[in-house]
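Okay, final.cif now, which holds mmCIF, C-alpha atoms and all ligand atoms:
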data_run
#
loop_
_atom_site.group_PDB
_atom_site.id
_atom_site.type_symbol
_atom_site.label_atom_id
_atom_site.label_comp_id
_atom_site.auth_asym_id
_atom_site.auth_seq_id
_atom_site.Cartn_x
_atom_site.Cartn_y
_atom_site.Cartn_z
ATOM 1 C CA MET S 12 0.000 0.000 0.000
ATOM 2 C CA LYS S 13 1.250 3.443 -0.887
ATOM 3 C CA LEU S 14 1.297 6.008 1.850
ATOM 4 C CA ALA S 15 1.324 9.603 0.767
ATOM 5 C CA MET S 16 1.184 12.624 2.988
ATOM 6 C CA LYS S 17 -0.956 14.939 0.975
ATOM 7 C CA GLN S 18 -0.835 17.917 3.239
ATOM 8 C CA ALA S 19 1.747 19.541 5.374
ATOM 9 C CA ALA S 20 1.271 18.618 8.992
ATOM 10 C CA TRP S 21 2.272 20.724 11.947
ATOM 11 C CA VAL S 22 3.517 19.112 15.045
ATOM 12 C CA ARG S 23 4.065 21.131 18.122
ATOM 13 C CA TRP S 24 6.281 19.943 20.852
ATOM 14 C CA CYS S 25 6.576 21.560 24.230
ATOM 15 C CA ALA S 26 9.687 21.129 26.307
ATOM 16 C CA SER S 27 9.138 21.575 30.041
ATOM 17 C CA GLY S 28 6.166 23.793 29.319
ATOM 18 C CA ALA S 29 8.307 26.644 28.042
ATOM 19 C CA ALA S 30 10.009 26.184 24.705
ATOM 20 C CA VAL S 31 7.805 25.395 21.751
ATOM 21 C CA LEU S 32 9.275 23.786 18.694
ATOM 22 C CA ALA S 33 7.303 23.631 15.492
ATOM 23 C CA VAL S 34 8.217 21.369 12.610
ATOM 24 C CA VAL S 35 6.674 21.039 9.183
ATOM 25 C CA VAL S 36 6.437 17.750 7.390
ATOM 26 C CA VAL S 37 7.046 18.270 3.712
ATOM 27 C CA ALA S 38 4.814 16.163 1.509
ATOM 28 C CA VAL S 39 6.790 13.072 0.581
ATOM 29 C CA GLN S 40 5.968 9.418 0.323
ATOM 30 C CA CYS S 41 7.307 6.666 2.487
ATOM 31 C CA ASN S 42 6.722 3.222 1.189
ATOM 32 C CA ALA S 43 7.267 -0.084 2.910
ATOM 33 C CA THR S 44 9.098 -1.693 0.041
ATOM 34 C CA THR S 45 10.161 0.730 -2.665
ATOM 35 C CA LYS S 46 11.730 4.155 -2.775
ATOM 36 C CA TRP S 47 9.740 7.177 -3.866
ATOM 37 C CA ALA S 48 10.795 8.762 -7.145
ATOM 38 C CA GLY S 49 13.667 11.202 -6.706
ATOM 39 C CA ALA S 50 14.591 9.841 -3.306
ATOM 40 C CA ASP S 51 18.271 9.401 -4.001
ATOM 41 C CA ALA S 52 19.275 12.998 -3.399
ATOM 42 C CA ARG S 53 17.926 12.951 0.143
ATOM 43 C CA SER S 54 18.110 9.295 1.001
ATOM 44 C CA ALA S 55 21.679 9.627 2.310
ATOM 45 C CA GLU S 56 20.462 12.321 4.734
ATOM 46 C CA ALA S 57 17.578 10.069 5.717
ATOM 47 C CA ARG S 58 19.927 7.227 6.570
ATOM 48 C CA VAL S 59 22.114 9.471 8.731
ATOM 49 C CA ALA S 60 19.031 10.815 10.538
ATOM 50 C CA TRP S 61 17.757 7.273 11.030
ATOM 51 C CA GLN S 62 20.854 6.433 13.104
ATOM 52 C CA THR S 63 19.743 9.020 15.686
ATOM 53 C CA VAL S 64 16.222 7.610 15.742
ATOM 54 C CA TYR S 65 17.594 4.069 16.096
ATOM 55 C CA LYS S 66 19.806 5.081 19.027
ATOM 56 C CA VAL S 67 16.766 6.385 20.894
ATOM 57 C CA LEU S 68 14.633 3.330 20.069
ATOM 58 C CA GLN S 69 17.385 1.074 21.458
ATOM 59 C CA HIS S 70 17.572 2.974 24.751
ATOM 60 C CA PRO S 71 16.418 0.862 27.730
ATOM 61 C CA ARG S 72 13.664 3.423 28.505
ATOM 62 C CA CYS S 73 12.097 2.500 25.160
ATOM 63 C CA VAL S 74 13.164 -1.159 24.780
ATOM 64 C CA ASN S 75 11.737 -2.049 28.216
ATOM 65 C CA CYS S 76 8.197 -1.482 26.877
ATOM 66 C CA HIS S 77 8.968 -2.815 23.391
ATOM 67 C CA PRO S 78 10.293 -6.293 24.315
ATOM 68 C CA ALA S 79 10.602 -9.311 22.036
ATOM 69 C CA GLY S 80 8.870 -11.530 24.594
ATOM 70 C CA ASP S 81 5.566 -11.215 26.432
ATOM 71 C CA ALA S 82 6.879 -9.582 29.603
ATOM 72 C CA PRO S 83 7.995 -5.973 30.090
ATOM 73 C CA LEU S 84 11.659 -5.391 30.985
ATOM 74 C CA GLN S 85 13.152 -3.346 33.823
ATOM 75 C CA GLY S 86 16.228 -1.291 34.556
ATOM 76 C CA ASP S 87 19.155 -0.007 32.547
ATOM 77 C CA ASP S 88 20.154 -3.656 31.919
ATOM 78 C CA SER S 89 16.649 -4.545 30.613
ATOM 79 C CA HIS S 90 16.092 -7.603 32.805
ATOM 80 C CA VAL S 91 12.701 -9.341 32.752
ATOM 81 C CA HIS S 92 10.051 -7.591 34.929
ATOM 82 C CA ALA S 93 9.773 -9.012 38.465
ATOM 83 C CA GLN S 94 6.633 -10.760 39.758
ATOM 84 C CA ASN S 95 5.974 -12.611 36.494
ATOM 85 C CA VAL S 96 4.157 -9.634 34.977
ATOM 86 C CA GLN S 97 2.818 -10.548 31.512
ATOM 87 C CA ARG S 98 1.633 -8.490 28.528
ATOM 88 C CA GLY S 99 -1.929 -9.830 28.155
ATOM 89 C CA ALA S 100 -3.842 -9.488 24.863
ATOM 90 C CA ASP S 101 -4.419 -5.735 25.201
ATOM 91 C CA GLY S 102 -1.003 -4.961 26.771
ATOM 92 C CA ASN S 103 -2.524 -3.993 30.130
ATOM 93 C CA GLY S 104 -1.334 -7.100 31.968
ATOM 94 C CA LEU S 105 -2.883 -10.427 32.954
ATOM 95 C CA PHE S 106 -5.229 -11.324 35.828
ATOM 96 C CA ALA S 107 -4.290 -9.571 39.083
ATOM 97 C CA MET S 108 -1.061 -8.279 37.585
ATOM 98 C CA LYS S 109 -2.567 -5.390 35.641
ATOM 99 C CA CYS S 110 -0.086 -2.587 35.000
ATOM 100 C CA ALA S 111 -2.447 -0.071 36.583
ATOM 101 C CA ALA S 112 -2.396 -2.009 39.875
ATOM 102 C CA CYS S 113 1.111 -0.643 40.439
ATOM 103 C CA HIS S 114 1.829 2.003 37.788
ATOM 104 C CA GLN S 115 0.139 5.393 38.223
ATOM 105 C CA LYS S 116 -0.187 8.417 35.919
ATOM 106 C CA SER S 117 3.162 9.728 37.115
ATOM 107 C CA ASN S 118 6.310 8.366 38.745
ATOM 108 C CA LEU S 119 6.119 7.444 42.414
ATOM 109 C CA ALA S 120 8.944 9.280 44.176
ATOM 110 C CA GLY S 121 11.726 7.037 45.406
ATOM 111 C CA ALA S 122 14.130 4.418 44.136
ATOM 112 C CA HIS S 123 12.602 1.142 42.886
ATOM 113 C CA LEU S 124 9.027 2.424 43.130
ATOM 114 C CA PRO S 125 6.881 2.009 40.001
ATOM 115 C CA PRO S 126 7.448 4.637 37.330
ATOM 116 C CA GLY S 127 4.272 6.054 35.787
ATOM 117 C CA ALA S 128 2.665 7.919 32.898
ATOM 118 C CA PRO S 129 -0.910 8.060 31.564
ATOM 119 C CA ASN S 130 -2.099 4.715 30.177
ATOM 120 C CA TRP S 131 1.036 2.798 31.177
ATOM 121 C CA ARG S 132 1.000 -0.490 29.256
ATOM 122 C CA LEU S 133 2.743 -2.640 26.643
ATOM 123 C CA PRO S 134 1.764 -2.717 22.963
ATOM 124 C CA ARG S 135 -0.977 -5.241 22.176
ATOM 125 C CA ALA S 136 -0.103 -8.931 21.720
ATOM 126 C CA ASP S 137 -1.302 -8.925 18.091
ATOM 127 C CA GLU S 138 0.763 -5.801 17.333
ATOM 128 C CA PRO S 139 3.773 -6.058 19.661
ATOM 129 C CA LEU S 140 5.953 -3.326 18.011
ATOM 130 C CA VAL S 141 9.187 -5.065 19.027
ATOM 131 C CA PHE S 142 12.333 -2.924 19.336
ATOM 132 C CA GLU S 143 14.413 -5.350 21.448
ATOM 133 C CA GLY S 144 17.096 -7.162 19.439
ATOM 134 C CA ARG S 145 16.216 -5.541 16.100
ATOM 135 C CA THR S 146 19.152 -4.460 13.931
ATOM 136 C CA SER S 147 19.142 -0.927 12.566
ATOM 137 C CA SER S 148 18.022 -2.151 9.147
ATOM 138 C CA GLU S 149 15.281 -4.408 10.565
ATOM 139 C CA LEU S 150 13.828 -1.786 12.869
ATOM 140 C CA CYS S 151 13.917 0.870 10.156
ATOM 141 C CA ARG S 152 11.920 -1.336 7.778
ATOM 142 C CA GLN S 153 9.514 -2.314 10.553
ATOM 143 C CA LEU S 154 8.849 1.306 11.506
ATOM 144 C CA ARG S 155 7.980 2.450 7.983
ATOM 145 C CA ASP S 156 5.751 -0.560 7.305
ATOM 146 C CA PRO S 157 2.126 0.114 8.304
ATOM 147 C CA LYS S 158 1.615 -3.646 8.721
ATOM 148 C CA HIS S 159 4.144 -3.613 11.556
ATOM 149 C CA ASN S 160 4.044 -0.104 13.002
ATOM 150 C CA GLY S 161 0.481 -0.025 14.315
ATOM 151 C CA LYS S 162 -0.934 1.144 10.939
ATOM 152 C CA ARG S 163 0.651 4.569 11.250
ATOM 153 C CA THR S 164 1.474 6.989 8.467
ATOM 154 C CA PRO S 165 4.884 8.702 8.699
ATOM 155 C CA ALA S 166 3.112 11.849 9.930
ATOM 156 C CA GLN S 167 1.450 9.848 12.713
ATOM 157 C CA LEU S 168 4.794 8.328 13.709
ATOM 158 C CA LEU S 169 6.299 11.817 13.939
ATOM 159 C CA GLU S 170 3.332 13.009 15.985
ATOM 160 C CA HIS S 171 3.767 10.020 18.309
ATOM 161 C CA MET S 172 7.485 10.741 18.844
ATOM 162 C CA ALA S 173 6.766 14.423 19.479
ATOM 163 C CA ASN S 174 3.727 14.215 21.755
ATOM 164 C CA ASP S 175 3.008 10.757 23.148
ATOM 165 C CA PRO S 176 3.260 10.743 26.975
ATOM 166 C CA LEU S 177 4.799 7.243 27.135
ATOM 167 C CA VAL S 178 7.556 8.379 24.766
ATOM 168 C CA GLY S 179 7.948 11.584 26.808
ATOM 169 C CA TRP S 180 8.423 9.586 29.990
ATOM 170 C CA GLY S 181 11.834 8.520 28.595
ATOM 171 C CA TRP S 182 13.145 11.994 29.472
ATOM 172 C CA HIS S 183 11.514 12.020 32.953
ATOM 173 C CA PRO S 184 11.972 8.423 34.104
ATOM 174 C CA GLY S 185 12.155 8.979 37.859
ATOM 175 C CA VAL S 186 14.804 8.348 40.477
ATOM 176 C CA GLY S 187 17.543 5.839 39.668
ATOM 177 C CA ARG S 188 16.814 5.461 35.937
ATOM 178 C CA GLU S 189 18.944 6.899 33.182
ATOM 179 C CA ARG S 190 17.023 9.264 30.920
ATOM 180 C CA VAL S 191 17.249 8.987 27.121
ATOM 181 C CA SER S 192 20.535 10.737 26.302
ATOM 182 C CA ILE S 193 19.517 12.294 22.973
ATOM 183 C CA PRO S 194 17.210 15.297 23.586
ATOM 184 C CA ARG S 195 13.620 14.850 22.443
ATOM 185 C CA ASP S 196 13.728 17.803 20.032
ATOM 186 C CA GLU S 197 16.748 16.202 18.368
ATOM 187 C CA LEU S 198 14.779 12.960 17.990
ATOM 188 C CA VAL S 199 11.898 14.870 16.417
ATOM 189 C CA ARG S 200 14.232 16.672 13.988
ATOM 190 C CA ALA S 201 15.889 13.376 13.029
ATOM 191 C CA MET S 202 12.518 11.688 12.540
ATOM 192 C CA LYS S 203 11.415 14.523 10.287
ATOM 193 C CA ALA S 204 14.642 14.355 8.245
ATOM 194 C CA TRP S 205 14.186 10.582 7.894
ATOM 195 C CA ILE S 206 10.620 11.066 6.627
ATOM 196 C CA ASP S 207 11.550 13.968 4.342
ATOM 197 C CA GLY S 208 14.251 11.730 2.851
ATOM 198 C CA GLY S 209 11.691 9.051 1.980
ATOM 199 C CA CYS S 210 12.232 6.880 5.097
ATOM 200 C CA ASP S 211 15.237 5.306 3.464
ATOM 201 C CA CYS S 212 16.835 2.502 5.481
ATOM 202 C CA PRO S 213 20.347 1.104 5.846
ATOM 203 C CA ASP S 214 20.942 -2.204 4.032
HETATM 204 C C1 LIG V 301 3.010 -5.714 41.250
HETATM 205 C C2 LIG V 301 3.335 -4.380 40.797
HETATM 206 C C3 LIG V 301 3.617 -4.192 39.315
HETATM 207 C C4 LIG V 301 2.845 -4.588 38.247
HETATM 208 C C5 LIG V 301 1.541 -5.365 38.244
HETATM 209 C C6 LIG V 301 3.522 -4.083 37.066
HETATM 210 N N1 LIG V 301 4.663 -3.424 37.423
HETATM 211 FE FE1 LIG V 301 6.012 -2.597 36.167
HETATM 212 N N2 LIG V 301 7.205 -2.073 37.739
HETATM 213 C C7 LIG V 301 6.888 -2.260 39.065
HETATM 214 C C8 LIG V 301 7.948 -1.700 39.921
HETATM 215 C C9 LIG V 301 7.985 -1.687 41.429
HETATM 216 C C10 LIG V 301 8.913 -1.181 39.039
HETATM 217 C C11 LIG V 301 10.219 -0.491 39.401
HETATM 218 C C12 LIG V 301 11.313 -1.493 39.602
HETATM 219 C C13 LIG V 301 12.633 -0.844 39.928
HETATM 220 O O1 LIG V 301 12.848 0.345 39.631
HETATM 221 O O2 LIG V 301 13.505 -1.545 40.492
HETATM 222 C C14 LIG V 301 8.417 -1.442 37.680
HETATM 223 C C15 LIG V 301 9.100 -1.126 36.544
HETATM 224 C C16 LIG V 301 8.608 -1.281 35.251
HETATM 225 C C17 LIG V 301 9.303 -0.932 34.064
HETATM 226 C C18 LIG V 301 10.740 -0.449 34.006
HETATM 227 C C19 LIG V 301 10.984 0.922 33.536
HETATM 228 C C20 LIG V 301 12.446 1.076 33.206
HETATM 229 O O3 LIG V 301 12.741 1.470 32.085
HETATM 230 O O4 LIG V 301 13.288 0.747 34.054
HETATM 231 C C21 LIG V 301 8.474 -1.180 33.008
HETATM 232 C C22 LIG V 301 8.768 -0.959 31.539
HETATM 233 C C23 LIG V 301 7.257 -1.700 33.558
HETATM 234 N N3 LIG V 301 7.371 -1.765 34.913
HETATM 235 C C24 LIG V 301 6.175 -2.053 32.793
HETATM 236 C C25 LIG V 301 5.053 -2.679 33.295
HETATM 237 C C26 LIG V 301 3.921 -3.057 32.495
HETATM 238 C C27 LIG V 301 3.794 -2.778 31.029
HETATM 239 C C28 LIG V 301 3.045 -3.707 33.316
HETATM 240 C C29 LIG V 301 1.767 -4.390 32.921
HETATM 241 C C30 LIG V 301 1.842 -5.319 31.795
HETATM 242 C C31 LIG V 301 3.632 -3.697 34.657
HETATM 243 N N4 LIG V 301 4.842 -3.058 34.587
HETATM 244 C C32 LIG V 301 3.046 -4.250 35.782
HETATM 245 C C33 LIG V 301 5.760 -2.874 39.544
HETATM 246 C C34 LIG V 301 4.762 -3.451 38.781
HETATM 247 C C1 LIG V 302 5.145 2.191 29.364
HETATM 248 C C2 LIG V 302 5.458 1.561 28.122
HETATM 249 C C3 LIG V 302 6.080 2.342 26.982
HETATM 250 C C4 LIG V 302 7.236 3.085 27.016
HETATM 251 C C5 LIG V 302 8.072 3.444 28.209
HETATM 252 C C6 LIG V 302 7.504 3.445 25.636
HETATM 253 N N1 LIG V 302 6.536 2.967 24.807
HETATM 254 FE FE1 LIG V 302 6.416 3.215 22.783
HETATM 255 N N2 LIG V 302 4.601 2.323 22.777
HETATM 256 C C7 LIG V 302 3.957 1.785 23.876
HETATM 257 C C8 LIG V 302 2.647 1.335 23.488
HETATM 258 C C9 LIG V 302 1.610 0.719 24.392
HETATM 259 C C10 LIG V 302 2.518 1.613 22.100
HETATM 260 C C11 LIG V 302 1.299 1.366 21.218
HETATM 261 C C12 LIG V 302 0.432 2.572 21.344
HETATM 262 C C13 LIG V 302 -0.703 2.603 20.403
HETATM 263 O O1 LIG V 302 -0.739 1.836 19.436
HETATM 264 O O2 LIG V 302 -1.563 3.464 20.615
HETATM 265 C C14 LIG V 302 3.768 2.235 21.691
HETATM 266 C C15 LIG V 302 4.040 2.659 20.399
HETATM 267 C C16 LIG V 302 5.198 3.277 19.998
HETATM 268 C C17 LIG V 302 5.500 3.696 18.653
HETATM 269 C C18 LIG V 302 4.607 3.594 17.453
HETATM 270 C C19 LIG V 302 4.498 2.300 16.829
HETATM 271 C C20 LIG V 302 5.723 1.644 16.315
HETATM 272 O O3 LIG V 302 5.882 1.632 15.112
HETATM 273 O O4 LIG V 302 6.529 1.091 17.084
HETATM 274 C C21 LIG V 302 6.721 4.271 18.664
HETATM 275 C C22 LIG V 302 7.472 4.849 17.488
HETATM 276 C C23 LIG V 302 7.174 4.251 20.029
HETATM 277 N N3 LIG V 302 6.233 3.625 20.830
HETATM 278 C C24 LIG V 302 8.362 4.791 20.437
HETATM 279 C C25 LIG V 302 8.795 4.819 21.765
HETATM 280 C C26 LIG V 302 10.005 5.493 22.195
HETATM 281 C C27 LIG V 302 10.933 6.276 21.293
HETATM 282 C C28 LIG V 302 10.090 5.308 23.539
HETATM 283 C C29 LIG V 302 11.177 5.762 24.479
HETATM 284 C C30 LIG V 302 11.552 7.154 24.475
HETATM 285 C C31 LIG V 302 8.918 4.531 23.949
HETATM 286 N N4 LIG V 302 8.164 4.247 22.841
HETATM 287 C C32 LIG V 302 8.633 4.166 25.252
HETATM 288 C C33 LIG V 302 4.475 1.677 25.151
HETATM 289 C C34 LIG V 302 5.635 2.292 25.590
#
Could you spell out this file's structure in structure tokens?
Ligand code: HEC
Ligand code: HEC
Amino acid sequence: MKLAMKQAAWVRWCASGAAVLAVVVVAVQCNATTKWAGADARSAEARVAWQTVYKVLQHPRCVNCHPAGDAPLQGDDSHVHAQNVQRGADGNGLFAMKCAACHQKSNLAGAHLPPGAPNWRLPRADEPLVFEGRTSSELCRQLRDPKHNGKRTPAQLLEHMANDPLVGWGWHPGVGRERVSIPRDELVRAMKAWIDGGCDCPD
């Protein structure tokens, strides 16, 4: 299926309530399998930008909720979540071990207490959006493929990176957890450059 962004989309991103960054998505096409016509000139830029996006996606703050298995991961070493917590079909946990039983809308203050953000959960079992263990090339192709990215257009992916509260938590992870080292506005700029360059991927 061909995905075209017909109109420019504005995404606003607010850092700590003060700075506002606005980015424009130029109308280009990202396609799961083939390059868009004329992509070559900008595809090199897209591949460089992708490396920044990949670095963020491989950070433990992101990988821990995008595991290859059916349990969330914990800590900077991404060990399997304690107490046999499982994904469940909808990502909200199984039986008594629902995420919301322990995770609130914001971090609980103190080391080893549950971190929190609105709607804390894993991706659904039928759409697990795995980042753990994916090579740069694999994850790049997965992210631009609507069959494997939660049916998102490139504009929706950019919007998600810029505004989703679970993504944002990566920069405010609570006591004792390393925050994502690349600033969020840099991620958003890289994502935009990747999309503008036709979502080209490394081999
Ligand atoms: C019985 C309570 C409990 C349940 C249920 C629970 N968690 Fe946790 N979770 C915790 C605690 C406590 C921590 C913090 C552990 C620490 O910092 O040592 C944690 C940490 C995490 C982390 C680690 C964050 C990081 O990057 O280090 C993730 C991810 C996570 N939980 C996801 C989930 C998800 C998703 C669910 C539901 C499927 C869930 N948890 C269910 C108690 C729970
Ligand atoms: C508490 C768990 C949690 C954390 C932490 C988390 N995510 Fe997610 N992520 C999800 C869930 C759940 C979805 C699916 C949401 C949906 O489909 O509405 C998702 C979806 C996504 C998507 C869109 C679908 C796709 O193609 O994978 C991207 C991109 C993404 N997350 C990036 C990140 C990044 C970057 C970070 C770290 C800065 C991060 N996530 C941290 C739970 C999490």
### Summary
Atom pair atom CA of Ala57 of chain S + atom CA of Glu189 of chain S, distance 27.7 Å
### Task
Enumerate as a list of chain:residue names the residues within 6 Å of ligand LIG 302 (chain V), counting only C-alpha atoms and all ligand atoms.
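Based on only C-alpha atoms and all ligand atoms, ligand LIG 302 (chain V) is surrounded within 6 Å by S:Val67, S:Leu68, S:Arg72, S:Cys73, S:Cys76, S:Trp131, S:Arg132, S:Leu133, S:Pro134, S:Leu140, S:Leu154, S:Asn160, S:Gly161, S:Leu168, S:Leu177, S:Val178, S:Gly181.
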Using only C-alpha atoms and all ligand atoms, find each residue of chain S with at least one atom at most 7 Å away from an atom of ligand LIG 301 (chain V); report its shortest atom-to-atom pair and that distance in Å (one decimal), sort the rows by chain and rising residue number, and return the result as a tab-separated table.
residue	atom	partner	partner_atom	distance
S:Pro71	CA	V:LIG301	O3	5.7
S:Arg72	CA	V:LIG301	O3	4.2
S:Asn75	CA	V:LIG301	C22	4.6
S:Cys76	CA	V:LIG301	C22	4.7
S:Ala82	CA	V:LIG301	C30	7.0
S:Pro83	CA	V:LIG301	C24	5.1
S:Leu84	CA	V:LIG301	C22	5.3
S:Gln85	CA	V:LIG301	C18	3.8
S:Gly86	CA	V:LIG301	O4	3.6
S:Asp87	CA	V:LIG301	O4	6.1
S:His92	CA	V:LIG301	N3	6.4
S:Gln94	CA	V:LIG301	C1	6.4
S:Val96	CA	V:LIG301	C32	5.6
S:Gln97	CA	V:LIG301	C30	5.3
S:Arg98	CA	V:LIG301	C30	4.6
S:Gly99	CA	V:LIG301	C30	6.9
S:Gly102	CA	V:LIG301	C30	5.8
S:Asn103	CA	V:LIG301	C30	4.9
S:Gly104	CA	V:LIG301	C30	3.6
S:Met108	CA	V:LIG301	C5	4.0
S:Lys109	CA	V:LIG301	C5	4.9
S:Cys110	CA	V:LIG301	C29	3.3
S:Ala111	CA	V:LIG301	C5	6.8
S:Ala112	CA	V:LIG301	C5	5.4
S:Cys113	CA	V:LIG301	C2	4.4
S:His114	CA	V:LIG301	N1	6.1
S:Ala122	CA	V:LIG301	O1	6.2
S:His123	CA	V:LIG301	O1	3.4
S:Leu124	CA	V:LIG301	C9	4.6
S:Pro125	CA	V:LIG301	C8	3.9
S:Pro126	CA	V:LIG301	C15	6.0
S:Trp131	CA	V:LIG301	C27	6.2
S:Arg132	CA	V:LIG301	C27	4.0
S:Leu133	CA	V:LIG301	C27	4.5
S:Arg188	CA	V:LIG301	O4	6.2
Just to be explicit: take each residue in the selection above, keep C-alpha atoms, and write the result as a short mmCIF file (atom, residue, chain, number, x, y, z; two decimals), in the frame of the given file.
data_model
loop_
_atom_site.label_atom_id
_atom_site.label_comp_id
_atom_site.auth_asym_id
_atom_site.auth_seq_id
_atom_site.Cartn_x
_atom_site.Cartn_y
_atom_site.Cartn_z
CA PRO S 71 16.42 0.86 27.73
CA ARG S 72 13.66 3.42 28.50
CA ASN S 75 11.74 -2.05 28.22
CA CYS S 76 8.20 -1.48 26.88
CA ALA S 82 6.88 -9.58 29.60
CA PRO S 83 8.00 -5.97 30.09
CA LEU S 84 11.66 -5.39 30.98
CA GLN S 85 13.15 -3.35 33.82
CA GLY S 86 16.23 -1.29 34.56
CA ASP S 87 19.16 -0.01 32.55
CA HIS S 92 10.05 -7.59 34.93
CA GLN S 94 6.63 -10.76 39.76
CA VAL S 96 4.16 -9.63 34.98
CA GLN S 97 2.82 -10.55 31.51
CA ARG S 98 1.63 -8.49 28.53
CA GLY S 99 -1.93 -9.83 28.16
CA GLY S 102 -1.00 -4.96 26.77
CA ASN S 103 -2.52 -3.99 30.13
CA GLY S 104 -1.33 -7.10 31.97
CA MET S 108 -1.06 -8.28 37.58
CA LYS S 109 -2.57 -5.39 35.64
CA CYS S 110 -0.09 -2.59 35.00
CA ALA S 111 -2.45 -0.07 36.58
CA ALA S 112 -2.40 -2.01 39.88
CA CYS S 113 1.11 -0.64 40.44
CA HIS S 114 1.83 2.00 37.79
CA ALA S 122 14.13 4.42 44.14
CA HIS S 123 12.60 1.14 42.89
CA LEU S 124 9.03 2.42 43.13
CA PRO S 125 6.88 2.01 40.00
CA PRO S 126 7.45 4.64 37.33
CA TRP S 131 1.04 2.80 31.18
CA ARG S 132 1.00 -0.49 29.26
CA LEU S 133 2.74 -2.64 26.64
CA ARG S 188 16.81 5.46 35.94
#
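Between atom CA of Val91 of chain S and atom CA of Ala136 of chain S lies a distance of 16.9 Å.
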### Task
Name every residue that the PyMOL selection byres (((chain S and resi 54) around 9) and not hetatm) selects in this structure, writing the answer as a ChimeraX atom specification with chains first and numbers rising.
/S:50-53,55-59,205,207-212
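Computed from the coordinates, the atom CA of Tyr65 of chain S to atom CA of Ser89 of chain S distance equals 16.9 Å.
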Which residues are close to Leu169 of chain S, i.e. within 8 Å by all atoms listed in the file, leaving aside same-chain residues fewer than 2 positions away? Reply as a PDB file with C-alpha atoms, keeping the file's coordinate frame.
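Saved file result38.pdb follows:
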ATOM      1  CA  VAL S  22       3.517  19.112  15.045  1.00  0.00           C
ATOM      2  CA  PRO S 165       4.884   8.702   8.699  1.00  0.00           C
ATOM      3  CA  ALA S 166       3.112  11.849   9.930  1.00  0.00           C
ATOM      4  CA  GLN S 167       1.450   9.848  12.713  1.00  0.00           C
ATOM      5  CA  HIS S 171       3.767  10.020  18.309  1.00  0.00           C
ATOM      6  CA  MET S 172       7.485  10.741  18.844  1.00  0.00           C
ATOM      7  CA  ALA S 173       6.766  14.423  19.479  1.00  0.00           C
ATOM      8  CA  VAL S 199      11.898  14.870  16.417  1.00  0.00           C
ATOM      9  CA  MET S 202      12.518  11.688  12.540  1.00  0.00           C
ATOM     10  CA  LYS S 203      11.415  14.523  10.287  1.00  0.00           C
TER      11      LYS S 203
END
Residues within 10 Å of Gly121 of chain S, please, as a PDB file with C-alpha atoms, keeping the file's coordinate frame. Count all atoms listed in the file; anything in the same chain fewer than 6 positions from it doesn't count.
ATOM      1  CA  GLY S 185      12.155   8.979  37.859  1.00  0.00           C
ATOM      2  CA  VAL S 186      14.804   8.348  40.477  1.00  0.00           C
ATOM      3  CA  GLY S 187      17.543   5.839  39.668  1.00  0.00           C
TER       4      GLY S 187
END
### Query
Which residue gives the smallest distance to Trp180 of chain S among S:Thr164, S:Arg200, S:Asn130, S:Gln153, with only C-alpha atoms counted?
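Selected residue with least distance to Trp180 of chain S: S:Asn130.
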### Message
I'd like the neighbourhood of Gln69 of chain S as number ranges by chain, where a residue qualifies if any of its atoms comes within 12 Å (using all atoms listed in the file), though same-chain residues fewer than 4 positions away should be ignored.
### Response
S: 62-65, 73-78, 87-89, 141-147, 150-151, 181, 191-193
### Task
Kindly indicate which residue among S:His183, S:Pro194, S:Lys162, S:Asp175 lies nearest to Pro129 of chain S, using all atoms listed in the file for the distances.
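Among the listed residues, S:Asp175 lies closest to Pro129 of chain S.
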